[in-house]
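To be precise, the following lines are upload.pdb, and they hold PDB, C-alpha atoms.
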ATOM      1  CA  MET A 480      19.360   0.143  20.069
ATOM      2  CA  ALA A 481      17.639  -0.636  16.768
ATOM      3  CA  THR A 482      14.500   1.355  17.528
ATOM      4  CA  GLU A 483      16.276   4.688  17.893
ATOM      5  CA  THR A 484      15.750   7.231  15.150
ATOM      6  CA  PRO A 485      18.792   8.278  13.135
ATOM      7  CA  PRO A 486      20.226  11.739  13.737
ATOM      8  CA  PRO A 487      18.835  14.493  11.512
ATOM      9  CA  SER A 488      20.604  15.136   8.244
ATOM     10  CA  SER A 489      23.099  17.975   8.361
ATOM     11  CA  THR A 490      22.390  19.032   4.779
ATOM     12  CA  PRO A 491      19.340  21.304   4.536
ATOM     13  CA  LYS A 492      16.655  20.319   2.028
ATOM     14  CA  ARG A 493      15.762  22.768  -0.688
ATOM     15  CA  LEU A 494      12.182  24.004  -0.366
ATOM     16  CA  PRO A 495      10.299  24.428  -3.657
ATOM     17  CA  SER A 496       8.817  27.802  -4.504
ATOM     18  CA  PRO A 497       5.054  28.326  -4.913
ATOM     19  CA  GLY A 498       5.597  28.582  -8.669
ATOM     20  CA  GLU A 499       7.251  25.178  -8.720
ATOM     21  CA  PHE A 500       4.291  23.680  -6.863
ATOM     22  CA  THR A 501       1.919  25.160  -9.445
ATOM     23  CA  GLU A 502       4.098  23.872 -12.283
ATOM     24  CA  VAL A 503       4.200  20.350 -10.854
ATOM     25  CA  GLN A 504       0.452  20.387 -10.218
ATOM     26  CA  ALA A 505      -0.114  21.113 -13.917
ATOM     27  CA  SER A 506       2.322  18.396 -15.072
ATOM     28  CA  PRO A 507       1.132  15.185 -16.744
ATOM     29  CA  GLU A 508       3.056  13.161 -14.137
ATOM     30  CA  PHE A 509       1.029  14.681 -11.295
ATOM     31  CA  GLY A 510      -2.170  14.265 -13.317
ATOM     32  CA  GLU A 511      -1.406  10.552 -13.678
ATOM     33  CA  LEU A 512      -0.801  10.262  -9.921
ATOM     34  CA  ARG A 513      -4.111  11.975  -9.189
ATOM     35  CA  ARG A 514      -5.944   9.779 -11.747
ATOM     36  CA  SER A 515      -4.437   6.632 -10.261
ATOM     37  CA  TYR A 516      -5.573   7.650  -6.780
ATOM     38  CA  ARG A 517      -9.069   8.707  -7.832
ATOM     39  CA  SER A 518      -9.695   5.649  -9.992
ATOM     40  CA  PHE A 519      -9.091   3.494  -6.924
ATOM     41  CA  ALA A 520     -10.467   5.566  -4.042
ATOM     42  CA  PHE A 521     -13.696   6.953  -5.478
ATOM     43  CA  PRO A 522     -15.294   3.695  -6.716
ATOM     44  CA  LEU A 523     -14.404   1.882  -3.490
ATOM     45  CA  THR A 524     -15.743   4.726  -1.380
ATOM     46  CA  ILE A 525     -19.028   4.741  -3.286
ATOM     47  CA  ALA A 526     -19.287   0.943  -3.100
ATOM     48  CA  PHE A 527     -18.631   0.887   0.637
ATOM     49  CA  ILE A 528     -21.128   3.663   1.360
ATOM     50  CA  ALA A 529     -23.744   1.808  -0.711
ATOM     51  CA  TRP A 530     -22.964  -1.419   1.190
ATOM     52  CA  TYR A 531     -23.280   0.409   4.510
ATOM     53  CA  LEU A 532     -26.565   2.077   3.533
ATOM     54  CA  LEU A 533     -27.926  -1.287   2.369
ATOM     55  CA  TYR A 534     -27.151  -2.687   5.819
ATOM     56  CA  VAL A 535     -28.873   0.250   7.527
ATOM     57  CA  LEU A 536     -31.931   0.033   5.263
ATOM     58  CA  LEU A 537     -32.207  -3.715   5.759
ATOM     59  CA  SER A 538     -31.938  -3.205   9.517
ATOM     60  CA  ASN A 539     -34.735  -0.626   9.464
ATOM     61  CA  TYR A 540     -37.129  -2.085   6.935
ATOM     62  CA  ALA A 541     -36.409  -5.826   6.673
ATOM     63  CA  GLY A 542     -36.495  -6.874  10.299
ATOM     64  CA  ASP A 543     -37.820 -10.347   9.552
ATOM     65  CA  PHE A 544     -35.023 -11.003   7.079
ATOM     66  CA  MET A 545     -32.322  -9.595   9.360
ATOM     67  CA  GLY A 546     -33.670 -11.645  12.253
ATOM     68  CA  THR A 547     -33.446 -14.905  10.334
ATOM     69  CA  LYS A 548     -31.365 -17.337  12.372
ATOM     70  CA  LEU A 549     -28.550 -18.927  10.441
ATOM     71  CA  PHE A 550     -27.214 -21.215  13.184
ATOM     72  CA  GLY A 551     -27.612 -21.088  16.931
ATOM     73  CA  ASN A 552     -28.159 -17.470  18.007
ATOM     74  CA  ILE A 553     -26.330 -16.115  14.934
ATOM     75  CA  ASN A 554     -28.673 -14.240  12.625
ATOM     76  CA  VAL A 555     -28.307 -12.419   9.298
ATOM     77  CA  ALA A 556     -27.969  -9.012  10.992
ATOM     78  CA  LEU A 557     -24.969 -10.143  13.037
ATOM     79  CA  VAL A 558     -23.253 -11.710  10.038
ATOM     80  CA  LEU A 559     -23.792  -8.618   7.875
ATOM     81  CA  GLY A 560     -22.691  -6.349  10.728
ATOM     82  CA  LEU A 561     -19.457  -8.289  11.154
ATOM     83  CA  ALA A 562     -19.025  -8.228   7.377
ATOM     84  CA  GLN A 563     -18.974  -4.414   7.636
ATOM     85  CA  PHE A 564     -15.844  -4.659   9.790
ATOM     86  CA  LEU A 565     -14.303  -7.238   7.495
ATOM     87  CA  THR A 566     -14.836  -5.112   4.392
ATOM     88  CA  THR A 567     -13.367  -2.073   6.170
ATOM     89  CA  PHE A 568     -10.164  -3.957   6.916
ATOM     90  CA  LEU A 569     -10.042  -5.507   3.448
ATOM     91  CA  ILE A 570     -10.401  -2.117   1.772
ATOM     92  CA  ALA A 571      -7.679  -0.636   3.996
ATOM     93  CA  TRP A 572      -5.348  -3.549   3.175
ATOM     94  CA  TRP A 573      -6.139  -3.314  -0.539
ATOM     95  CA  TYR A 574      -5.525   0.452  -0.534
ATOM     96  CA  ALA A 575      -2.193   0.010   1.267
ATOM     97  CA  ARG A 576      -1.100  -2.447  -1.422
ATOM     98  CA  HIS A 577      -2.312  -0.151  -4.199
ATOM     99  CA  ALA A 578      -0.573   2.865  -2.688
ATOM    100  CA  ALA A 579       2.707   1.010  -2.191
ATOM    101  CA  ALA A 580       2.690  -0.346  -5.734
ATOM    102  CA  LYS A 581       1.247   2.525  -7.755
ATOM    103  CA  LEU A 582       1.009   5.786  -5.816
ATOM    104  CA  ASP A 583       4.109   5.902  -3.632
ATOM    105  CA  PRO A 584       6.689   5.458  -6.439
ATOM    106  CA  LYS A 585       5.067   8.226  -8.501
ATOM    107  CA  ALA A 586       4.778  10.546  -5.494
ATOM    108  CA  GLU A 587       8.370   9.850  -4.443
ATOM    109  CA  ALA A 588       9.612  10.657  -7.960
ATOM    110  CA  ILE A 589       7.755  13.977  -7.911
ATOM    111  CA  LYS A 590       8.988  14.769  -4.403
ATOM    112  CA  SER A 591      12.625  13.966  -5.133
ATOM    113  CA  ARG A 592      12.492  16.002  -8.337
ATOM    114  CA  MET A 593      11.076  18.999  -6.478
ATOM    115  CA  GLU A 594      13.464  18.768  -3.529
ATOM    116  CA  GLY A 595      16.451  18.053  -5.739
ATOM    117  CA  GLY A 596      15.651  20.806  -8.198
ATOM    118  CA  ALA A 597      16.039  18.434 -11.144
TER     119      ALA A 597
END
Target format structure tokens, applied to this file:
Amino acid sequence: MATETPPPSSTPKRLPSPGEFTEVQASPEFGELRRSYRSFAFPLTIAFIAWYLLYVLLSNYAGDFMGTKLFGNINVALVLGLAQFLTTFLIAWWYARHAAAKLDPKAEAIKSRMEGGA
């Protein structure tokens, strides 16, 4: 069956020593990986928190605006609330693409170098 997991590898993997972890952490390659992650994650996190707080503040203090009907029984509050879900999924999708393109190859190179002892 195609969904079965393959049998475990018979060759044991080499575990890096604590000194090797410290050495890799200080390497420019790891610094670039960390910079790439932070330059993506931190601004988006701050932007999303600001967007969420704007929604909460508008809900608390701009009731007339949030209650404005756009069409039928759909008002601004409902549209902005649904936009919160949409932006959550968009950010998750965008991060998955960023990680697959930029973070995963760098992390895999570091991992294989550490496990291979190269």
- In Å, how far is it from CA of Glu594 in chain A to CA of Ser496 in chain A? 10.2 Å
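If you measure from each of A:Val555, A:Leu569, A:Ala575, A:Ile589 to Tyr534 in chain A using only C-alpha atoms, the closest one turns out to be A:Val555.
For the residues A:Ala556, A:Ala580, A:Ala586, A:Leu549, ranking by smallest atom-to-atom distance to Leu536 in chain A using all atoms listed in the file places A:Ala556 first.
When all atoms listed in the file are used to compute distances to Ala529 in chain A, the closest of the residues A:Phe544, A:Gln563, A:Glu502, A:Thr482 turns out to be A:Gln563.
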- Using only C-alpha atoms, which residues sit within 12 Å of Lys590 in chain A once same-chain residues fewer than 6 positions away are excluded, as a PyMOL selection string? chain A and resi 492-495+499-500+503-504+508-509+583-584+596-597
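Picture a line from CA of Ser538 in chain A to CA of Leu557 in chain A; it runs 10.4 Å.
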- Item | CA of Leu582 in chain A to CA of Pro497 in chain A, distance in Å rounded to a single decimal |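 For CA of Leu582 in chain A relative to CA of Pro497 in chain A, the distance reads 22.9 Å.
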- Which of these, A:Ala578, A:Ile553, A:Ala571, A:Val558, has the shortest distance to Phe527 in chain A once you count all atoms listed in the file?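 Of the candidates, the smallest distance to Phe527 in chain A is held by A:Ala571.
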Selection result for the PyMOL selection byres ((chain A and resi 512-521) around 9) on this file, as a PDB file with C-alpha atoms, keeping the file's coordinate frame:
ATOM      1  CA  PRO A 507       1.132  15.185 -16.744  1.00  0.00           C
ATOM      2  CA  GLU A 508       3.056  13.161 -14.137  1.00  0.00           C
ATOM      3  CA  PHE A 509       1.029  14.681 -11.295  1.00  0.00           C
ATOM      4  CA  GLY A 510      -2.170  14.265 -13.317  1.00  0.00           C
ATOM      5  CA  GLU A 511      -1.406  10.552 -13.678  1.00  0.00           C
ATOM      6  CA  PRO A 522     -15.294   3.695  -6.716  1.00  0.00           C
ATOM      7  CA  LEU A 523     -14.404   1.882  -3.490  1.00  0.00           C
ATOM      8  CA  THR A 524     -15.743   4.726  -1.380  1.00  0.00           C
ATOM      9  CA  ILE A 525     -19.028   4.741  -3.286  1.00  0.00           C
ATOM     10  CA  ALA A 526     -19.287   0.943  -3.100  1.00  0.00           C
ATOM     11  CA  TYR A 574      -5.525   0.452  -0.534  1.00  0.00           C
ATOM     12  CA  HIS A 577      -2.312  -0.151  -4.199  1.00  0.00           C
ATOM     13  CA  ALA A 578      -0.573   2.865  -2.688  1.00  0.00           C
ATOM     14  CA  LYS A 581       1.247   2.525  -7.755  1.00  0.00           C
ATOM     15  CA  LEU A 582       1.009   5.786  -5.816  1.00  0.00           C
ATOM     16  CA  LYS A 585       5.067   8.226  -8.501  1.00  0.00           C
ATOM     17  CA  ALA A 586       4.778  10.546  -5.494  1.00  0.00           C
TER      18      ALA A 586
END
Complete the atom set of range 528-563 of chain A to N, CA and C atoms and return it as an mmCIF file, in the coordinates of the input.
data_model
loop_
_atom_site.group_PDB
_atom_site.id
_atom_site.type_symbol
_atom_site.label_atom_id
_atom_site.label_comp_id
_atom_site.auth_asym_id
_atom_site.auth_seq_id
_atom_site.Cartn_x
_atom_site.Cartn_y
_atom_site.Cartn_z
ATOM 1 N N ILE A 528 -19.993 2.896 0.836
ATOM 2 C CA ILE A 528 -21.128 3.663 1.360
ATOM 3 C C ILE A 528 -22.444 2.999 0.966
ATOM 4 N N ALA A 529 -22.529 2.510 -0.278
ATOM 5 C CA ALA A 529 -23.744 1.808 -0.711
ATOM 6 C C ALA A 529 -23.953 0.538 0.112
ATOM 7 N N TRP A 530 -22.895 -0.200 0.378
ATOM 8 C CA TRP A 530 -22.964 -1.419 1.190
ATOM 9 C C TRP A 530 -23.421 -1.082 2.608
ATOM 10 N N TYR A 531 -22.881 -0.003 3.164
ATOM 11 C CA TYR A 531 -23.280 0.409 4.510
ATOM 12 C C TYR A 531 -24.749 0.829 4.551
ATOM 13 N N LEU A 532 -25.168 1.634 3.569
ATOM 14 C CA LEU A 532 -26.565 2.077 3.533
ATOM 15 C C LEU A 532 -27.520 0.901 3.321
ATOM 16 N N LEU A 533 -27.104 -0.088 2.533
ATOM 17 C CA LEU A 533 -27.926 -1.287 2.369
ATOM 18 C C LEU A 533 -28.122 -1.974 3.717
ATOM 19 N N TYR A 534 -27.059 -2.073 4.496
ATOM 20 C CA TYR A 534 -27.151 -2.687 5.819
ATOM 21 C C TYR A 534 -28.117 -1.902 6.719
ATOM 22 N N VAL A 535 -27.995 -0.585 6.701
ATOM 23 C CA VAL A 535 -28.873 0.250 7.527
ATOM 24 C C VAL A 535 -30.324 0.118 7.072
ATOM 25 N N LEU A 536 -30.564 0.159 5.772
ATOM 26 C CA LEU A 536 -31.931 0.033 5.263
ATOM 27 C C LEU A 536 -32.522 -1.337 5.572
ATOM 28 N N LEU A 537 -31.717 -2.378 5.410
ATOM 29 C CA LEU A 537 -32.207 -3.715 5.759
ATOM 30 C C LEU A 537 -32.524 -3.804 7.249
ATOM 31 N N SER A 538 -31.694 -3.182 8.071
ATOM 32 C CA SER A 538 -31.938 -3.205 9.517
ATOM 33 C C SER A 538 -33.230 -2.490 9.878
ATOM 34 N N ASN A 539 -33.529 -1.405 9.164
ATOM 35 C CA ASN A 539 -34.735 -0.626 9.464
ATOM 36 C C ASN A 539 -36.008 -1.214 8.866
ATOM 37 N N TYR A 540 -35.910 -1.715 7.654
ATOM 38 C CA TYR A 540 -37.129 -2.085 6.935
ATOM 39 C C TYR A 540 -37.297 -3.581 6.661
ATOM 40 N N ALA A 541 -36.297 -4.383 6.931
ATOM 41 C CA ALA A 541 -36.409 -5.826 6.673
ATOM 42 C C ALA A 541 -36.062 -6.599 7.945
ATOM 43 N N GLY A 542 -36.768 -6.268 9.001
ATOM 44 C CA GLY A 542 -36.495 -6.874 10.299
ATOM 45 C C GLY A 542 -36.630 -8.386 10.307
ATOM 46 N N ASP A 543 -37.639 -8.891 9.595
ATOM 47 C CA ASP A 543 -37.820 -10.347 9.552
ATOM 48 C C ASP A 543 -36.630 -11.028 8.880
ATOM 49 N N PHE A 544 -36.186 -10.441 7.782
ATOM 50 C CA PHE A 544 -35.023 -11.003 7.079
ATOM 51 C C PHE A 544 -33.770 -10.929 7.946
ATOM 52 N N MET A 545 -33.525 -9.777 8.547
ATOM 53 C CA MET A 545 -32.322 -9.595 9.360
ATOM 54 C C MET A 545 -32.356 -10.472 10.607
ATOM 55 N N GLY A 546 -33.534 -10.812 11.075
ATOM 56 C CA GLY A 546 -33.670 -11.645 12.253
ATOM 57 C C GLY A 546 -33.630 -13.137 11.973
ATOM 58 N N THR A 547 -33.496 -13.492 10.702
ATOM 59 C CA THR A 547 -33.446 -14.905 10.334
ATOM 60 C C THR A 547 -32.226 -15.567 10.965
ATOM 61 N N LYS A 548 -32.472 -16.633 11.712
ATOM 62 C CA LYS A 548 -31.365 -17.337 12.372
ATOM 63 C C LYS A 548 -30.655 -18.221 11.354
ATOM 64 N N LEU A 549 -29.343 -18.108 11.339
ATOM 65 C CA LEU A 549 -28.550 -18.927 10.441
ATOM 66 C C LEU A 549 -28.104 -20.210 11.131
ATOM 67 N N PHE A 550 -27.572 -20.057 12.351
ATOM 68 C CA PHE A 550 -27.214 -21.215 13.184
ATOM 69 C C PHE A 550 -27.081 -20.727 14.615
ATOM 70 N N GLY A 551 -27.627 -21.487 15.526
ATOM 71 C CA GLY A 551 -27.612 -21.088 16.931
ATOM 72 C C GLY A 551 -28.296 -19.739 17.106
ATOM 73 N N ASN A 552 -27.636 -18.824 17.822
ATOM 74 C CA ASN A 552 -28.159 -17.470 18.007
ATOM 75 C C ASN A 552 -27.570 -16.479 17.002
ATOM 76 N N ILE A 553 -26.933 -16.962 15.970
ATOM 77 C CA ILE A 553 -26.330 -16.115 14.934
ATOM 78 C C ILE A 553 -27.375 -15.858 13.855
ATOM 79 N N ASN A 554 -27.681 -14.580 13.647
ATOM 80 C CA ASN A 554 -28.673 -14.240 12.625
ATOM 81 C C ASN A 554 -28.024 -13.433 11.498
ATOM 82 N N VAL A 555 -28.796 -13.135 10.475
ATOM 83 C CA VAL A 555 -28.307 -12.419 9.298
ATOM 84 C C VAL A 555 -27.755 -11.051 9.681
ATOM 85 N N ALA A 556 -28.420 -10.352 10.589
ATOM 86 C CA ALA A 556 -27.969 -9.012 10.992
ATOM 87 C C ALA A 556 -26.565 -9.057 11.589
ATOM 88 N N LEU A 557 -26.292 -10.032 12.428
ATOM 89 C CA LEU A 557 -24.969 -10.143 13.037
ATOM 90 C C LEU A 557 -23.911 -10.450 11.986
ATOM 91 N N VAL A 558 -24.214 -11.356 11.084
ATOM 92 C CA VAL A 558 -23.253 -11.710 10.038
ATOM 93 C C VAL A 558 -22.966 -10.501 9.142
ATOM 94 N N LEU A 559 -24.011 -9.798 8.723
ATOM 95 C CA LEU A 559 -23.792 -8.618 7.875
ATOM 96 C C LEU A 559 -23.081 -7.502 8.644
ATOM 97 N N GLY A 560 -23.371 -7.353 9.917
ATOM 98 C CA GLY A 560 -22.691 -6.349 10.728
ATOM 99 C C GLY A 560 -21.207 -6.654 10.859
ATOM 100 N N LEU A 561 -20.872 -7.908 11.091
ATOM 101 C CA LEU A 561 -19.457 -8.289 11.154
ATOM 102 C C LEU A 561 -18.790 -8.161 9.785
ATOM 103 N N ALA A 562 -19.565 -8.395 8.732
ATOM 104 C CA ALA A 562 -19.025 -8.228 7.377
ATOM 105 C C ALA A 562 -18.656 -6.766 7.114
ATOM 106 N N GLN A 563 -19.340 -5.833 7.764
ATOM 107 C CA GLN A 563 -18.974 -4.414 7.636
ATOM 108 C C GLN A 563 -17.539 -4.197 8.122
#
